[in-house]
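S.K.: Below is the file upload_13.cif, which contains mmCIF, C-alpha atoms.
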data_input
loop_
_atom_site.label_atom_id
_atom_site.label_comp_id
_atom_site.auth_asym_id
_atom_site.auth_seq_id
_atom_site.Cartn_x
_atom_site.Cartn_y
_atom_site.Cartn_z
CA MET A 1 95.58 -40.39 -14.54
CA ILE A 2 96.27 -37.34 -16.66
CA GLN A 3 93.85 -34.50 -16.06
CA GLU A 4 92.66 -32.89 -19.28
CA ALA A 5 92.79 -29.39 -17.76
CA ASN A 6 96.43 -29.89 -16.70
CA LEU A 7 97.37 -31.25 -20.10
CA ILE A 8 95.77 -28.25 -21.85
CA LYS A 9 97.64 -25.90 -19.50
CA GLU A 10 100.94 -27.64 -20.26
CA LEU A 11 100.23 -27.57 -24.01
CA LYS A 12 99.94 -23.79 -23.79
CA GLU A 13 103.28 -23.38 -21.99
CA PRO A 14 106.06 -22.87 -24.59
CA PHE A 15 108.78 -24.54 -22.51
CA ILE A 16 106.89 -27.79 -21.91
CA LYS A 17 104.62 -27.77 -24.95
CA GLU A 18 106.56 -30.41 -26.89
CA LYS A 19 106.67 -32.80 -23.95
CA ALA A 20 102.96 -32.32 -23.28
CA PHE A 21 102.24 -32.80 -26.97
CA SER A 22 104.08 -36.11 -26.93
CA THR A 23 101.72 -37.20 -24.14
CA LEU A 24 98.75 -35.97 -26.16
CA VAL A 25 99.85 -38.03 -29.17
CA ASP A 26 100.17 -41.11 -26.96
CA LEU A 27 96.68 -40.59 -25.60
CA TYR A 28 94.75 -39.79 -28.77
CA GLN A 29 96.75 -40.99 -31.78
CA GLU A 30 95.08 -44.37 -32.06
CA ARG A 31 91.53 -43.10 -31.63
CA LEU A 32 92.06 -40.26 -34.12
CA TYR A 33 93.68 -42.58 -36.64
CA TRP A 34 90.68 -44.91 -36.68
CA HIS A 35 88.27 -41.98 -36.80
CA ILE A 36 90.09 -40.70 -39.90
CA ARG A 37 90.62 -44.12 -41.45
CA LYS A 38 86.89 -44.84 -41.58
CA ILE A 39 86.32 -41.61 -43.50
CA VAL A 40 89.24 -41.66 -45.93
CA ILE A 41 89.34 -45.48 -46.12
CA THR A 42 92.95 -46.15 -47.11
CA HIS A 43 95.81 -46.39 -44.66
CA GLU A 44 98.11 -44.07 -46.66
CA ASP A 45 95.52 -41.29 -46.71
CA ALA A 46 94.71 -41.83 -43.04
CA ASN A 47 98.39 -41.55 -42.17
CA ASP A 48 98.72 -38.22 -44.03
CA VAL A 49 95.52 -36.83 -42.52
CA LEU A 50 96.56 -37.93 -39.03
CA GLN A 51 99.84 -36.07 -39.35
CA ASN A 52 98.10 -32.92 -40.64
CA THR A 53 95.56 -33.19 -37.85
CA PHE A 54 98.22 -33.23 -35.15
CA ILE A 55 100.07 -30.32 -36.76
CA ARG A 56 96.80 -28.33 -36.76
CA ILE A 57 96.20 -29.28 -33.12
CA PHE A 58 99.72 -28.19 -32.23
CA LYS A 59 99.30 -24.84 -33.98
CA GLY A 60 95.78 -24.24 -32.71
CA ILE A 61 96.05 -25.33 -29.09
CA ASN A 62 96.69 -21.78 -27.84
CA ALA A 63 93.38 -20.71 -29.36
CA PHE A 64 91.52 -23.63 -27.76
CA LYS A 65 88.95 -22.09 -25.40
CA ALA A 66 87.78 -25.34 -23.76
CA GLU A 67 84.19 -24.68 -24.85
CA SER A 68 84.08 -28.38 -25.76
CA SER A 69 86.29 -31.17 -24.44
CA LEU A 70 89.78 -31.53 -25.87
CA HIS A 71 88.77 -34.95 -27.19
CA THR A 72 85.80 -33.50 -29.13
CA TRP A 73 87.84 -30.57 -30.40
CA MET A 74 90.53 -32.91 -31.77
CA HIS A 75 87.96 -35.19 -33.36
CA LYS A 76 86.43 -32.17 -35.05
CA ILE A 77 89.81 -31.20 -36.50
CA ALA A 78 90.37 -34.77 -37.65
CA TYR A 79 86.90 -34.87 -39.21
CA ASN A 80 87.43 -31.59 -41.06
CA GLU A 81 90.90 -32.66 -42.24
CA SER A 82 89.44 -35.91 -43.57
CA LEU A 83 86.72 -34.04 -45.46
CA ARG A 84 89.38 -31.66 -46.80
CA LEU A 85 91.28 -34.62 -48.26
CA LEU A 86 88.09 -35.97 -49.83
CA GLN A 87 87.45 -32.53 -51.36
CA LYS A 88 91.03 -32.44 -52.65
CA ASN A 89 90.62 -35.90 -54.20
CA LYS A 90 87.33 -34.75 -55.69
CA ARG A 91 89.07 -31.80 -57.35
CA ASN A 92 91.83 -34.05 -58.64
CA THR A 93 89.45 -36.63 -60.07
CA SER A 94 86.53 -34.29 -60.89
CA GLU A 95 84.19 -36.53 -58.89
CA SER A 96 81.52 -35.51 -56.40
CA ILE A 97 81.82 -36.68 -52.80
CA ASP A 98 78.96 -39.10 -53.46
CA GLU A 99 80.83 -40.54 -56.41
CA ILE A 100 83.91 -40.92 -54.23
CA SER A 101 81.70 -42.64 -51.69
CA SER A 102 80.39 -44.98 -54.34
CA ASN A 103 83.96 -46.00 -54.92
CA TYR A 104 84.21 -46.82 -51.22
CA LEU A 105 84.39 -50.56 -51.73
CA GLU A 106 86.79 -50.19 -54.61
CA SER A 107 89.16 -48.08 -52.50
CA LEU A 108 88.76 -50.45 -49.59
CA THR A 109 89.52 -53.63 -51.45
CA GLN A 110 92.51 -51.99 -53.18
CA ASP A 111 93.99 -50.96 -49.83
CA THR A 112 96.92 -53.17 -48.84
CA TYR A 113 95.81 -52.97 -45.23
CA PHE A 114 92.30 -54.29 -45.76
CA ASP A 115 92.01 -57.89 -44.75
CA GLY A 116 88.30 -58.47 -44.44
CA ASP A 117 86.49 -61.75 -44.48
CA GLU A 118 83.02 -62.32 -45.90
CA ILE A 119 81.15 -60.88 -42.94
CA GLN A 120 83.39 -57.84 -42.72
CA LEU A 121 83.03 -57.17 -46.42
CA LYS A 122 79.29 -57.49 -46.05
CA LEU A 123 79.25 -54.88 -43.29
CA GLN A 124 81.46 -52.59 -45.34
CA THR A 125 79.10 -52.99 -48.30
CA ILE A 126 76.13 -52.05 -46.13
CA LEU A 127 78.01 -49.01 -44.78
CA SER A 128 78.91 -47.93 -48.32
CA GLU A 129 75.22 -47.99 -49.23
CA LEU A 130 74.37 -45.48 -46.52
CA SER A 131 74.54 -41.77 -47.18
CA ASN A 132 77.87 -40.19 -46.27
CA LYS A 133 76.51 -38.55 -43.15
CA GLN A 134 74.54 -41.59 -41.97
CA GLY A 135 77.57 -43.81 -42.40
CA ARG A 136 79.88 -41.43 -40.56
CA VAL A 137 77.44 -40.90 -37.70
CA PHE A 138 77.01 -44.65 -37.28
CA GLN A 139 80.76 -45.24 -37.30
CA MET A 140 81.47 -42.40 -34.87
CA LYS A 141 78.85 -43.69 -32.48
CA TYR A 142 79.51 -47.39 -32.81
CA PHE A 143 83.25 -47.68 -33.42
CA ASP A 144 84.63 -44.42 -32.02
CA ASN A 145 82.34 -44.64 -28.99
CA LEU A 146 81.50 -40.93 -29.15
CA SER A 147 78.38 -39.55 -27.50
CA PHE A 148 75.58 -37.98 -29.56
CA LYS A 149 76.51 -34.62 -28.06
CA GLN A 150 80.10 -35.00 -29.26
CA ILE A 151 79.02 -36.15 -32.73
CA ALA A 152 76.64 -33.18 -32.94
CA GLU A 153 79.53 -30.81 -32.14
CA ILE A 154 81.89 -32.51 -34.58
CA THR A 155 79.46 -32.58 -37.51
CA ASN A 156 77.57 -29.35 -36.63
CA THR A 157 74.29 -31.25 -36.59
CA ASN A 158 71.31 -31.24 -34.25
CA GLU A 159 71.65 -33.90 -31.55
CA ASN A 160 68.08 -35.19 -31.83
CA THR A 161 68.39 -35.50 -35.61
CA LEU A 162 71.54 -37.54 -35.08
CA LYS A 163 69.83 -39.86 -32.62
CA SER A 164 66.93 -40.65 -34.93
CA SER A 165 69.35 -41.06 -37.84
CA TYR A 166 71.55 -43.45 -35.86
CA TYR A 167 68.72 -45.69 -34.68
CA SER A 168 67.24 -45.90 -38.16
CA VAL A 169 70.70 -46.86 -39.51
CA VAL A 170 71.08 -49.53 -36.83
CA LYS A 171 67.75 -51.04 -37.92
CA ILE A 172 68.80 -50.97 -41.58
CA ILE A 173 72.13 -52.67 -40.79
CA GLU A 174 70.51 -55.31 -38.58
CA LYS A 175 67.96 -56.04 -41.28
CA LYS A 176 70.49 -56.25 -44.09
CA ILE A 177 73.03 -58.28 -42.17
CA ARG A 178 70.43 -60.97 -41.43
CA ILE A 179 69.72 -61.46 -45.13
CA MET B 1 82.26 -58.54 -24.99
CA ILE B 2 83.69 -58.27 -28.45
CA GLN B 3 85.38 -61.47 -29.49
CA SER B 4 89.02 -61.60 -30.51
CA ASN B 5 90.38 -62.01 -34.02
CA ASN B 6 91.05 -65.70 -33.48
CA ASN B 7 87.43 -66.52 -33.16
CA LYS B 8 86.03 -63.90 -35.50
CA GLN B 9 84.31 -66.71 -37.41
CA GLU B 10 82.10 -67.01 -34.36
CA HIS B 11 80.71 -63.48 -34.91
CA SER B 12 77.11 -64.20 -35.52
CA GLU B 13 75.02 -61.80 -37.46
CA ASN B 14 72.52 -61.75 -34.59
CA THR B 15 74.91 -60.50 -31.95
CA PHE B 16 77.05 -58.13 -33.99
CA LEU B 17 75.25 -54.88 -33.08
CA LYS B 18 74.22 -55.93 -29.62
CA GLU B 19 77.67 -56.48 -28.15
CA SER B 20 79.19 -53.63 -26.20
CA PHE B 21 82.16 -51.90 -27.70
CA ASP B 22 85.47 -52.17 -25.87
CA ALA B 23 87.24 -48.85 -26.44
CA ASN B 24 90.52 -50.25 -25.11
CA LYS B 25 90.77 -52.67 -28.01
CA ILE B 26 90.08 -50.12 -30.68
CA THR B 27 92.60 -51.42 -33.22
CA GLN B 28 91.57 -55.02 -32.64
CA ASN B 29 87.89 -54.09 -32.99
CA HIS B 30 88.49 -52.42 -36.34
CA LYS B 31 90.33 -55.47 -37.53
CA ASP B 32 87.68 -57.84 -36.23
CA PHE B 33 84.61 -56.02 -37.48
CA LEU B 34 85.76 -53.99 -40.46
CA GLY B 35 88.80 -55.95 -41.63
CA LEU B 36 90.96 -52.82 -41.43
CA ASP B 37 94.60 -53.42 -40.60
CA ILE B 38 97.70 -51.32 -40.03
CA PRO B 39 101.46 -51.96 -40.48
CA ASP B 40 103.41 -53.45 -37.57
CA ALA B 41 104.39 -50.94 -34.87
CA TYR B 42 102.58 -48.29 -36.88
CA PHE B 43 101.65 -46.01 -33.98
CA SER B 44 105.16 -45.74 -32.54
CA LYS B 45 106.57 -44.92 -35.99
CA SER B 46 103.72 -42.51 -36.68
CA LYS B 47 104.28 -40.73 -33.36
CA LYS B 48 107.92 -40.18 -34.26
CA GLU B 49 106.97 -38.78 -37.67
CA ILE B 50 104.34 -36.49 -36.16
CA LEU B 51 106.74 -35.09 -33.56
CA GLU B 52 109.42 -34.53 -36.22
CA ALA B 53 106.95 -32.74 -38.47
CA LEU B 54 105.88 -30.27 -35.77
CA PRO B 55 106.93 -26.65 -36.18
CA LYS B 56 109.64 -25.77 -33.68
CA VAL B 57 108.44 -23.79 -30.70
CA GLN B 58 110.21 -20.43 -30.49
CA LYS B 59 111.64 -20.38 -27.00
CA ARG B 60 111.64 -16.72 -26.15
CA LYS B 61 114.57 -15.19 -24.33
CA THR B 62 113.41 -14.29 -20.88
CA SER B 63 113.67 -10.59 -20.27
CA ILE B 64 112.31 -8.78 -17.26
CA PHE B 65 109.91 -6.85 -19.52
CA GLY B 66 108.46 -10.02 -21.00
CA MET B 67 107.89 -11.70 -17.68
CA GLN B 68 104.66 -12.05 -15.77
CA PRO B 69 104.10 -9.12 -13.36
CA ILE B 70 104.14 -11.54 -10.43
CA PHE B 71 107.82 -12.26 -11.17
CA ALA B 72 108.87 -9.00 -12.82
CA TYR B 73 107.78 -6.61 -10.06
CA PRO B 74 109.61 -8.26 -7.15
CA ILE B 75 112.75 -8.64 -9.27
CA ALA B 76 112.59 -5.00 -10.40
CA ALA B 77 111.98 -3.86 -6.81
CA SER B 78 114.92 -5.93 -5.55
CA LEU B 79 117.21 -4.48 -8.23
CA LEU B 80 116.12 -0.95 -7.39
CA LEU B 81 116.70 -1.63 -3.70
CA LEU B 82 120.18 -2.98 -4.38
CA ILE B 83 121.05 0.02 -6.56
CA GLY B 84 119.65 2.37 -3.91
CA ILE B 85 121.66 0.73 -1.12
CA ALA B 86 124.83 0.84 -3.26
CA ILE B 87 124.36 4.56 -4.03
CA TRP B 88 123.56 5.37 -0.39
CA PHE B 89 126.58 3.44 0.83
CA GLN B 90 128.83 5.17 -1.69
CA ASN B 91 127.53 8.62 -0.71
CA SER B 92 127.72 7.87 2.97
CA LYS B 93 131.40 6.88 2.69
CA LEU B 94 132.19 9.97 0.61
CA LYS B 95 130.43 12.23 3.09
CA THR B 96 132.43 10.83 6.02
CA ASP B 97 135.67 11.48 4.15
CA ILE B 98 134.61 15.08 3.46
CA GLN B 99 133.61 15.56 7.10
CA VAL B 100 136.98 14.34 8.34
CA THR B 101 138.74 16.69 5.96
CA ASP B 102 136.52 19.60 7.02
CA ILE B 103 137.00 18.87 10.67
CA GLU B 104 140.73 18.83 10.24
CA GLY B 105 140.42 22.19 8.45
CA ILE B 106 138.32 23.59 11.26
CA GLU B 107 140.76 22.41 13.87
CA ILE B 108 143.62 24.09 12.09
CA ASN B 109 141.81 27.31 11.18
CA ASN B 110 139.73 27.81 14.30
CA LEU B 111 142.07 27.17 17.16
CA ASP B 112 140.66 30.26 18.85
CA LEU B 113 137.23 28.56 19.15
CA PRO B 114 137.90 25.66 21.47
CA PHE B 115 134.23 25.10 22.30
CA ASP B 116 133.27 24.51 18.65
CA ALA B 117 136.33 22.42 18.11
CA VAL B 118 135.46 20.29 21.12
CA LEU B 119 131.91 19.76 19.84
CA ILE B 120 133.08 18.83 16.36
CA ASN B 121 135.75 16.59 17.74
CA SER B 122 133.10 14.92 19.87
CA LEU B 123 131.64 13.45 16.70
CA LEU B 124 134.81 11.49 16.24
CA VAL B 125 135.43 10.45 19.82
CA GLU B 126 134.17 7.56 21.86
CA ASN B 127 130.94 7.76 23.82
CA SER B 128 132.81 7.36 27.09
CA GLU B 129 134.86 10.45 26.31
CA ILE B 130 131.69 12.38 25.46
CA ASP B 131 130.20 11.30 28.81
CA ARG B 132 133.33 12.46 30.59
CA PHE B 133 133.14 15.76 28.74
CA MET B 134 129.49 16.11 29.76
CA ASP B 135 130.40 15.50 33.41
CA THR B 136 133.38 17.76 33.59
CA TYR B 137 132.45 20.63 31.30
CA ILE B 138 128.76 21.01 30.59
CA ILE B 139 127.39 19.85 33.94
CA ASP B 140 129.90 21.97 35.85
CA GLU B 141 128.94 24.97 33.76
CA ILE B 142 125.26 24.35 34.43
CA ILE B 143 125.84 23.94 38.16
CA VAL B 144 127.92 27.13 38.38
CA GLU B 145 125.30 29.04 36.42
CA ALA B 146 122.58 27.68 38.64
CA ASN B 147 124.46 28.60 41.83
CA ILE B 148 125.07 32.13 40.63
CA SER B 149 121.43 32.54 39.70
CA GLU B 150 120.37 31.23 43.11
CA ASP B 151 122.69 33.62 44.94
CA LYS B 152 121.34 36.56 42.97
CA LEU B 153 117.78 35.54 43.75
CA ASP B 154 118.55 35.22 47.46
CA ALA B 155 120.18 38.63 47.54
CA ILE B 156 117.18 40.25 45.88
CA LEU B 157 114.73 38.54 48.23
CA ILE B 158 116.68 39.44 51.38
CA ASN B 159 117.07 43.03 50.27
CA SER B 160 113.37 43.30 49.57
CA PHE B 161 112.56 41.93 53.02
CA PHE B 162 114.87 44.46 54.68
CA ILE B 163 113.36 47.32 52.71
CA LYS B 164 109.83 46.25 53.52
CA ASP B 165 110.56 45.83 57.24
CA THR B 166 112.13 49.24 57.62
CA LEU B 167 109.25 50.89 55.76
CA ILE B 168 106.70 49.15 57.97
CA ASP B 169 108.65 50.07 61.08
CA ASP B 170 108.77 53.69 59.97
CA TYR B 171 105.06 53.71 59.27
CA PHE B 172 104.19 52.12 62.59
CA ASN B 173 106.43 54.50 64.50
CA GLU B 174 105.01 57.53 62.79
CA THR B 175 101.33 56.58 63.09
CA LEU B 176 101.75 55.37 66.68
CA LEU B 177 103.43 58.56 67.76
CA ASP B 178 100.81 60.60 65.99
CA ASN B 179 98.04 58.71 67.69
CA LEU B 180 99.63 58.95 71.05
CA ILE B 181 100.19 62.69 70.69
CA LEU B 182 96.70 63.21 69.43
#
Once you've parsed the file, please lay out its structure as structure tokens.

M.R.:
Amino acid sequence: MIQEANLIKELKEPFIKEKAFSTLVDLYQERLYWHIRKIVITHEDANDVLQNTFIRIFKGINAFKAESSLHTWMHKIAYNESLRLLQKNKRNTSESIDEISSNYLESLTQDTYFDGDEIQLKLQTILSELSNKQGRVFQMKYFDNLSFKQIAEITNTNENTLKSSYYSVVKIIEKKIRI
Amino acid sequence: MIQSNNNKQEHSENTFLKESFDANKITQNHKDFLGLDIPDAYFSKSKKEILEALPKVQKRKTSIFGMQPIFAYPIAASLLLLIGIAIWFQNSKLKTDIQVTDIEGIEINNLDLPFDAVLINSLLVENSEIDRFMDTYIIDEIIVEANISEDKLDAILINSFFIKDTLIDDYFNETLLDNLIL
């Protein structure tokens, strides 16, 4: 079992940083990829954002003060990098983030690596109908298995607000999926 | 538990949100529930790309000034000690050479001072020879001096006794005669 504190210590040591970073990638790559993928939707974008996220982690690890867990800190970087890409796409296409979100299904179905059946497409449609924040909070809680405290830190939102938002979203999804 | 991809048709709409999420099957879960897929062996390829894209860590040359005090201080102290010992050893050797030269000079120039020469030479002789010298020269001198002093003291004491006795005798004789006559 790798202790987080030991890993952080090794990541801050110049001589063993690269080896420790390789371990870090092994541990968190998959989770961060899926966290990013659900925000940026396409595999190609998720791949780019994942790479940028790890480069930012590598550069910023010396400044990491362990005020939150390493896991939360990395998710926050991944979240911000994903939003940065959406902003960049918005500038390129002159669309608002909401308009980009409305093209969620379009982007999803055009992605080579989307292979959803009827039920999966239905869930994706429901998620696309949620507000950006509601959808992300639900996905972080349900699919990324993050705690409300972690989501609050990542999104800079009040924890209680997140909880009420999540449970209302769950009810909406349950209701819509039964139809 | 979340069902596998093979039986994803069995996902009922009633159980979808009530099943616990298995974090160990994260990729499979995303495929099963959201229909999201990734290329084959994506994560191993991605890891390689990420590691290649990282900026190279500047491995600093280790100098004693850039080291942690816990390492630097003992090393610096050891170096100073070594230098100190080397200088001391060098000086000590040089001094001995000078002393030998000086002593030779003294021996040649001061042949009329055998006592000094003997003392200086004693620095270069064995301890046993010094002991022998102590026995034969210094101790004898001390004993002779002591004997002479003792003889002098005895002579003074004996003389004083004789003087005192004769004075007392004279006094007694004179007073006794006076008394008897009176």

S.K.: Calculate how many Å separate CA of Ile172 (chain A) from CA of Lys149 (chain A), rounding to one decimal.

M.R.: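 About the pair CA of Ile172 (chain A) and CA of Lys149 (chain A): they are 22.6 Å apart.
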
S.K.: Sort by chain and increasing residue number a table of all residues of chain B within 6 Å of chain A, each with its closest pair of atoms and their distance in Å to one decimal, counting all atoms listed in the file, and write it as CSV.

M.R.:
residue,atom,partner,partner_atom,distance
B:Phe33,CA,A:Gln120,CA,5.7
B:Leu34,CA,A:Gln120,CA,5.1
B:Gly35,CA,A:Gly116,CA,3.8
B:Leu36,CA,A:Phe114,CA,4.8
B:Asp37,CA,A:Tyr113,CA,4.8
B:Ile38,CA,A:Tyr113,CA,5.8
B:Ile50,CA,A:Gln51,CA,5.5
B:Leu54,CA,A:Ile55,CA,5.9

S.K.: Once you have the residues from the selection above, write them out as a CSV table (one decimal), in the frame of the given file, restricted to C-alpha atoms.

M.R.:
chain,number,residue,atom,x,y,z
B,33,PHE,CA,84.6,-56.0,-37.5
B,34,LEU,CA,85.8,-54.0,-40.5
B,35,GLY,CA,88.8,-56.0,-41.6
B,36,LEU,CA,91.0,-52.8,-41.4
B,37,ASP,CA,94.6,-53.4,-40.6
B,38,ILE,CA,97.7,-51.3,-40.0
B,50,ILE,CA,104.3,-36.5,-36.2
B,54,LEU,CA,105.9,-30.3,-35.8

S.K.: Mind giving me the straight-line distance from CA of Glu52 (chain B) to CA of Lys65 (chain A) in Å, one decimal?

M.R.: 26.3 Å

S.K.: Quick one: distance from CA of Leu83 (chain A) to CA of Ser68 (chain A) in Å, one decimal?

M.R.: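 Computing the Euclidean distance for CA of Leu83 (chain A) and CA of Ser68 (chain A) yields 20.7 Å.
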